[in-house]
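Here is the structure we will look at.
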Amino acid sequence: MSFFKSLVLAIVATLFITYVLGVGLLEVFDVDIYLDEEVVEPLKAISFSALVVVCIVLAAVAIVFTVFGTLIFVGLMVFGAIALGAIGVFWPIILVAAVIWLICRDKPQTRYS
């Protein structure tokens, strides 16, 4: 399954579960949310609470990606520096080995009928 298809399915499932469980919870516990002495519709109340939760989750994801992203970036930079340093030190040996391999390799034989 492609990433985009998985993302769309996850979003639809999240919206469905949020709506069903949110409305069910509001009805089971008989909760009414008021805004300026007016009852807020259940869907708007769920939407507001879901929006707050999404903002909190996005902040947590940003923090996690920042920390782990920095660690992964530093690790890749260290690995790249070691690899490029090794190539810089051993490039004459690598060049000679490549030339010897090109000269001495088994050449495919062609058959002519």
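Residues are named by chain letter and number: chains run A, B, ... in the order of the structure tokens, numbers start at 1 in each chain, and ligands are numbered from 1 in the order shown.
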
Determine, counting only C-alpha atoms, which protein, DNA and RNA residues have an atom within 10 Å of an atom of stretch 9-17 of chain A; residues of the same chain fewer than 6 positions away are not included. Present the result as a VMD selection string. chain A and resid 3 23 47 50

Once DSSP has gone over the backbone, tell me which residues of chain A are in alpha helix (DSSP H), as a count of residues only. 89

Looking only at the backbone, which of the residues in chain A does DSSP tag as strand (DSSP E or B), as number ranges by chain? A: 33-35, 38-40

For all heavy atoms, I'd like the residues from the last selection saved as a PDB file, in the first residue's frame.
ATOM      1  N   ILE A  33     -21.929  21.331  26.470  1.00  0.00           N
ATOM      2  CA  ILE A  33     -20.883  22.349  26.503  1.00  0.00           C
ATOM      3  C   ILE A  33     -21.529  23.679  26.121  1.00  0.00           C
ATOM      4  O   ILE A  33     -22.207  23.780  25.102  1.00  0.00           O
ATOM      5  CB  ILE A  33     -19.744  21.982  25.538  1.00  0.00           C
ATOM      6  CG1 ILE A  33     -19.108  20.664  25.993  1.00  0.00           C
ATOM      7  CG2 ILE A  33     -18.707  23.086  25.484  1.00  0.00           C
ATOM      8  CD1 ILE A  33     -18.044  20.146  25.082  1.00  0.00           C
ATOM      9  N   TYR A  34     -21.309  24.674  26.967  1.00  0.00           N
ATOM     10  CA  TYR A  34     -21.900  25.984  26.757  1.00  0.00           C
ATOM     11  C   TYR A  34     -20.838  26.986  26.335  1.00  0.00           C
ATOM     12  O   TYR A  34     -19.725  26.960  26.831  1.00  0.00           O
ATOM     13  CB  TYR A  34     -22.571  26.482  28.045  1.00  0.00           C
ATOM     14  CG  TYR A  34     -23.825  25.731  28.391  1.00  0.00           C
ATOM     15  CD1 TYR A  34     -23.780  24.611  29.204  1.00  0.00           C
ATOM     16  CD2 TYR A  34     -25.049  26.150  27.895  1.00  0.00           C
ATOM     17  CE1 TYR A  34     -24.928  23.915  29.526  1.00  0.00           C
ATOM     18  CE2 TYR A  34     -26.210  25.465  28.216  1.00  0.00           C
ATOM     19  CZ  TYR A  34     -26.144  24.344  29.025  1.00  0.00           C
ATOM     20  OH  TYR A  34     -27.285  23.667  29.332  1.00  0.00           O
ATOM     21  N   LEU A  35     -21.237  27.871  25.429  1.00  0.00           N
ATOM     22  CA  LEU A  35     -20.375  28.961  25.000  1.00  0.00           C
ATOM     23  C   LEU A  35     -21.253  30.208  24.940  1.00  0.00           C
ATOM     24  O   LEU A  35     -22.173  30.291  24.118  1.00  0.00           O
ATOM     25  CB  LEU A  35     -19.754  28.659  23.632  1.00  0.00           C
ATOM     26  CG  LEU A  35     -18.745  29.645  23.108  1.00  0.00           C
ATOM     27  CD1 LEU A  35     -17.510  29.653  24.013  1.00  0.00           C
ATOM     28  CD2 LEU A  35     -18.330  29.284  21.711  1.00  0.00           C
ATOM     29  N   GLU A  38     -25.003  29.546  25.399  1.00  0.00           N
ATOM     30  CA  GLU A  38     -25.644  28.782  24.325  1.00  0.00           C
ATOM     31  C   GLU A  38     -25.020  27.393  24.295  1.00  0.00           C
ATOM     32  O   GLU A  38     -23.818  27.228  24.464  1.00  0.00           O
ATOM     33  CB  GLU A  38     -25.441  29.457  22.969  1.00  0.00           C
ATOM     34  CG  GLU A  38     -26.148  30.788  22.831  1.00  0.00           C
ATOM     35  CD  GLU A  38     -25.939  31.388  21.452  1.00  0.00           C
ATOM     36  OE1 GLU A  38     -25.629  30.640  20.521  1.00  0.00           O
ATOM     37  OE2 GLU A  38     -26.064  32.607  21.340  1.00  0.00           O
ATOM     38  N   VAL A  39     -25.857  26.396  24.079  1.00  0.00           N
ATOM     39  CA  VAL A  39     -25.364  25.025  24.018  1.00  0.00           C
ATOM     40  C   VAL A  39     -24.633  24.828  22.690  1.00  0.00           C
ATOM     41  O   VAL A  39     -25.150  25.158  21.621  1.00  0.00           O
ATOM     42  CB  VAL A  39     -26.522  24.011  24.134  1.00  0.00           C
ATOM     43  CG1 VAL A  39     -26.011  22.589  23.992  1.00  0.00           C
ATOM     44  CG2 VAL A  39     -27.246  24.194  25.445  1.00  0.00           C
ATOM     45  N   VAL A  40     -23.433  24.314  22.788  1.00  0.00           N
ATOM     46  CA  VAL A  40     -22.643  24.034  21.590  1.00  0.00           C
ATOM     47  C   VAL A  40     -23.054  22.672  21.055  1.00  0.00           C
ATOM     48  O   VAL A  40     -23.240  21.717  21.813  1.00  0.00           O
ATOM     49  CB  VAL A  40     -21.129  24.050  21.925  1.00  0.00           C
ATOM     50  CG1 VAL A  40     -20.301  23.704  20.715  1.00  0.00           C
ATOM     51  CG2 VAL A  40     -20.740  25.394  22.487  1.00  0.00           C
TER      52      VAL A  40
END

Report the closest atom pair, with its distance in Å rounded to one decimal, for each residue of stretch 12-101 of chain A that has an atom no farther than 12 Å from stretch 105-109 of chain A; count only C-alpha atoms, sort by chain and then rising residue number, and write it as JSON lines.
{"residue": "A:Ala97", "atom": "CA", "partner": "A:Arg105", "partner_atom": "CA", "distance": 11.5}
{"residue": "A:Ala98", "atom": "CA", "partner": "A:Arg105", "partner_atom": "CA", "distance": 10.3}
{"residue": "A:Val99", "atom": "CA", "partner": "A:Arg105", "partner_atom": "CA", "distance": 10.0}
{"residue": "A:Ile100", "atom": "CA", "partner": "A:Arg105", "partner_atom": "CA", "distance": 8.2}
{"residue": "A:Trp101", "atom": "CA", "partner": "A:Arg105", "partner_atom": "CA", "distance": 5.5}

So that I have them on file, write out the residues from the current selection with C-alpha atoms, as a PDB file, in the first residue's frame.
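Saved result, result23.pdb, follows:
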ATOM      1  CA  ALA A  97      42.905  -1.966  -7.619  1.00  0.00           C
ATOM      2  CA  ALA A  98      40.282  -0.662 -10.064  1.00  0.00           C
ATOM      3  CA  VAL A  99      42.820  -0.566 -12.924  1.00  0.00           C
ATOM      4  CA  ILE A 100      44.013  -4.109 -12.169  1.00  0.00           C
ATOM      5  CA  TRP A 101      40.408  -5.320 -11.995  1.00  0.00           C
TER       6      TRP A 101
END
